[in-house]
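Engineer: This is the structure I want to talk about, given as C-alpha cells.
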Amino acid sequence: MKTIDQKETAAFITSRDTLDGVYPGLILGMNAVRLGMEARIFYTFMGINVIRKGWSEKAKFQPPGFMGAIPGMSAIATWMMKSKIKKAHVPCVGDLQEMAQCEGVKFIACKMTIDMMGFTKDDFIEGVEIQAAEEFLKYAKDCNIALFT
Amino acid sequence: MKTIDQKETAAFITSRDTLDGVYPGLILGMNAVRLGMEARIFYTFMGINVIRKGWSEKAKFQPPGFMGAIPGMSAIATWMMKSKIKKAHVPCVGDLQEMAQCEGVKFIACKMTIDMMGFTKDDFIEGVEIQAAEEFLKYAKDCNIALFT
Amino acid sequence: MKTIDQKETAAFITSRDTLDGVYPGLILGMNAVRLGMEARIFYTFMGINVIRKGWSEKAKFQPPGFMGAIPGMSAIATWMMKSKIKKAHVPCVGDLQEMAQCEGVKFIACKMTIDMMGFTKDDFIEGVEIQAAEEFLKYAKDCNIALFT
C-alpha cells in the first residue's frame with residue numbers, strides 16, 4: 001500500500017545478454033527516472049553477463065531466425081546495429097549503463113544466477129547490488145510498472 | 001492517479017518481428033478491448049518491422065534452438081505454424097492487425113527505433129502513431145496491466 | 001477493485017519451451033506464493049509444451065546467437081546449464097513444477113494454443129486448467145504484478 005507522497009516506482013528484468021536484450025531495460029530505466037520515478041533493473045539468467053566487468057564492449061546483436069544460423073552473421077548484424085545506434089546518437093551499452101547509474105537507476109544481480117554461474121561480487125561493475133528473486137519480487141509487486149524485457 | 005469512472009487501460013510492447021513475437025501483443029490487445037479496456041501496442045526494436053507496409057505477408061515463425069540453425073527450417077516451421085493457425089481459425093497477422101485497429105487497439109511506433117532505422121511515417125501501415133519511449137512509459141506506468149511480450 | 005483483506009495476486013506468462021523460457025515463471029511463481037500471494041502461470045504458444053506429459057525431462061537450453069547455430073551446441077549448452085543448475089542446488093524443471101504446484105502455484109493452459117496444436121486435456125500433467133486468453137487477462141489485469149517472461 002502506498003502513501004500519497006511516495007515516489008512512483010519501476011522494476012525491469014533483463015534476462016538476455018544480447019544487444020536487443022540489454023537496451024530495453026536501460027532505456028526504460030532511464031526514462032522512468034526522468035519521469036521522477038525510482039527504477040531498478042534486475043539482471044538474471046544470461047542477462048547477468050551484461051553487468052559483468054568488461055562485458056559491455058562485447059555486446060552482440062542477436063539476428064532473428066535463419067540469419068542467426070549463418071556463421072559470422074551475428075557479427076555483421078551486430079556491426080550494422082551498432083553503426084545504426086551510433087548514427088541515431090543512441091549511446092553504446094557501456095555509456096548507457098554509466099548514464100543510467102549516474103541518473104539513479106539501480107542495478108541488481110540475481111543471487112541464484114550468481115550461485116549457478118559461480119560468480120562473486122567482484123565480477124560485476126561498480127554499484128551492483130545482489131538480491132534474491134524473492135526480495136526483488138517484493139519490490140516489483142508494489143511497483144507502478146514491472147516489465148520482464 | 002485514476003478517477004473512479006475512468007476506463008481501464010492496457011499497454012503491450014512488441015519488440016520482436018517473428019510470428020511468435022507479433023501474435024501475443026495483438027491477441028492480448030484485442031482481448032483487452034473486448035473487456036472494455038483501452039489498449040495500446042508499442043512497437044520497438046525489431047518489432048517495429050511488424051507495422052511496416054507489406055510486412056505482415058512475410059511474417060516468419062522463429063523455431064527455437066537447434067531447429068533454427070538448419071537452413072530452410074524456419075520456412076518449414078513458418079509454413080507448419082501458419083497452417084496450424086489457419087486450421088484453428090486464428091486470423092493471419094495482416095487480418096488480425098486490421099481487426100485489432102478496427103476494434104480500437106492503438107498502434108504506436110517507437111521514435112528512437114524509427115530514427116535508428118531511418119524510417120519515416122510513410123513506411124508504416126495506416127493509423128500508426130509515433131511516440132518516444134518516455135511518452136509511452138508515462139501511459140504504461142498508469143495502466144492496469146503492462147506487458148513486454 | 002480489490003477489498004482491503006483480499007490476497008495479493010501474481011500472473012506470469014510462459015511463451016517459450018526452452019530452459020531459459022520455463023525457469024522464470026516457475027521461480028517467480030513459487031516466490032510469489034512464499035510472499036503470501038496467489039500465483040498463476042499461463043502457458044501459451046510454444047510455452048505450452050512445458051506442461052505436456054513427459055516434457056520436463058527433455059527441456060533444452062537455448063544458447064544465444066552464433067552458438068545456437070552450431071549443430072549439437074544446444075545439447076552441450078543444455079548439459080552445461082543443467083550441471084550448473086544441479087551444482088547450485090536449483091531443482092530440475094520436473095521437480096520445480098511439482099514443488100510449485102504443491103505450494104499452490106496454478107498452471108493454466110491457453111485454449112487457443114491447445115486448439116492450434118490439436119492437444120487435449122489428457123496431454124498435460126496433472127492439475128493443469130484450461131482458459132481462454134480473455135479469461136486469463138481478466139485475472140491478470142487486476143494482479144499486483146503481471147509479467148510476460
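Residues in the C-alpha cells are numbered from 1 in each chain, the chains being A, B, ... in the order shown, and ligands are numbered from 1 in the order shown.
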Segment 44-137 of chain B: which residues are alpha helix (DSSP H) by DSSP, as a ChimeraX atom specification?

Structural biologist: /B:73-87,93-103,111-117,133-137

Engineer: Hey, list the chain B side of the contact with chain C: 6 Å cut-off, only C-alpha atoms, answer as a PyMOL selection string.

Structural biologist: chain B and resi 31+65+69+84-85+88+144-145+147+149

Engineer: Please write the residues from the selection above to a file, keeping C-alpha atoms, as a PDB file, in the first residue's frame.

Structural biologist:
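Result went into selection-v8.pdb, see below:
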ATOM      1  CA  ASN B  31      -8.949  -9.173 -25.668  1.00  0.00           C
ATOM      2  CA  GLY B  65      17.120 -23.950 -30.553  1.00  0.00           C
ATOM      3  CA  ALA B  69      20.030 -23.491 -37.303  1.00  0.00           C
ATOM      4  CA  LYS B  84      -1.961 -24.685 -37.769  1.00  0.00           C
ATOM      5  CA  ILE B  85      -3.035 -21.089 -37.218  1.00  0.00           C
ATOM      6  CA  ALA B  88      -7.598 -23.294 -35.644  1.00  0.00           C
ATOM      7  CA  ASN B 144      -3.909  -1.713 -15.089  1.00  0.00           C
ATOM      8  CA  ILE B 145      -1.664  -4.079 -16.988  1.00  0.00           C
ATOM      9  CA  LEU B 147       3.374  -6.490 -20.601  1.00  0.00           C
ATOM     10  CA  THR B 149       5.848  -9.520 -24.859  1.00  0.00           C
TER      11      THR B 149
END

Engineer: Could you pull out all residues of chain C with a DSSP call of strand (DSSP E) and give them as a list in words?

Structural biologist: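 Restricting chain C to strand (DSSP E) produces Thr9, Ala10, Ala11, Phe12, Ile13, Thr14, Glu38, Ala39, Arg40, Ile41, Phe42, Tyr43, Lys106, Phe107, Ile108, Ala109, Cys110, Glu129, Ile130, Gln131, Ile145, Ala146, Leu147 and Phe148 of chain C.
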
Engineer: Just C-alpha atoms for this one: save the residues we selected as a compact mmCIF listing (two decimals), in the first residue's frame.

Structural biologist:
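Okay, this is what ended up in selection22.txt:
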# COMPACT_ATOMS: atom_id res chain seq x y z
CA THR C 9 -2.08 -11.77 -6.78
CA ALA C 10 0.53 -12.53 -9.44
CA ALA C 11 0.24 -13.59 -13.08
CA PHE C 12 3.09 -14.99 -15.15
CA ILE C 13 3.01 -15.90 -18.83
CA THR C 14 5.40 -18.50 -20.23
CA GLU C 38 -1.86 -16.17 -5.17
CA ALA C 39 0.10 -17.09 -8.32
CA ARG C 40 -0.93 -18.38 -11.73
CA ILE C 41 1.22 -19.26 -14.73
CA PHE C 42 -0.38 -19.08 -18.17
CA TYR C 43 1.32 -21.37 -20.69
CA LYS C 106 -1.74 -22.75 -10.53
CA PHE C 107 -0.85 -23.86 -14.08
CA ILE C 108 -3.16 -22.64 -16.86
CA ALA C 109 -3.01 -23.79 -20.49
CA CYS C 110 -4.01 -21.37 -23.27
CA GLU C 129 -6.55 -25.91 -16.04
CA ILE C 130 -7.59 -24.62 -19.49
CA GLN C 131 -8.51 -20.96 -20.03
CA ILE C 145 2.15 -7.97 -10.72
CA ALA C 146 1.89 -9.48 -14.20
CA LEU C 147 4.97 -10.48 -16.20
CA PHE C 148 5.28 -11.95 -19.69

Engineer: In terms of the shortest atom-to-atom distance over only C-alpha atoms, which of A:His89, A:Met81, A:Val50, A:Cys102 is closest to Gly25 of chain A?

Structural biologist: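 Answer, going by the shortest atom-to-atom distance: A:Val50.
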
Engineer: Could you work out how far atom CA of Glu103 of chain B lies from atom CA of Leu19 of chain B, giving the answer in Å with one decimal?

Structural biologist: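 Distance reported for this atom pair: 21.2 Å.
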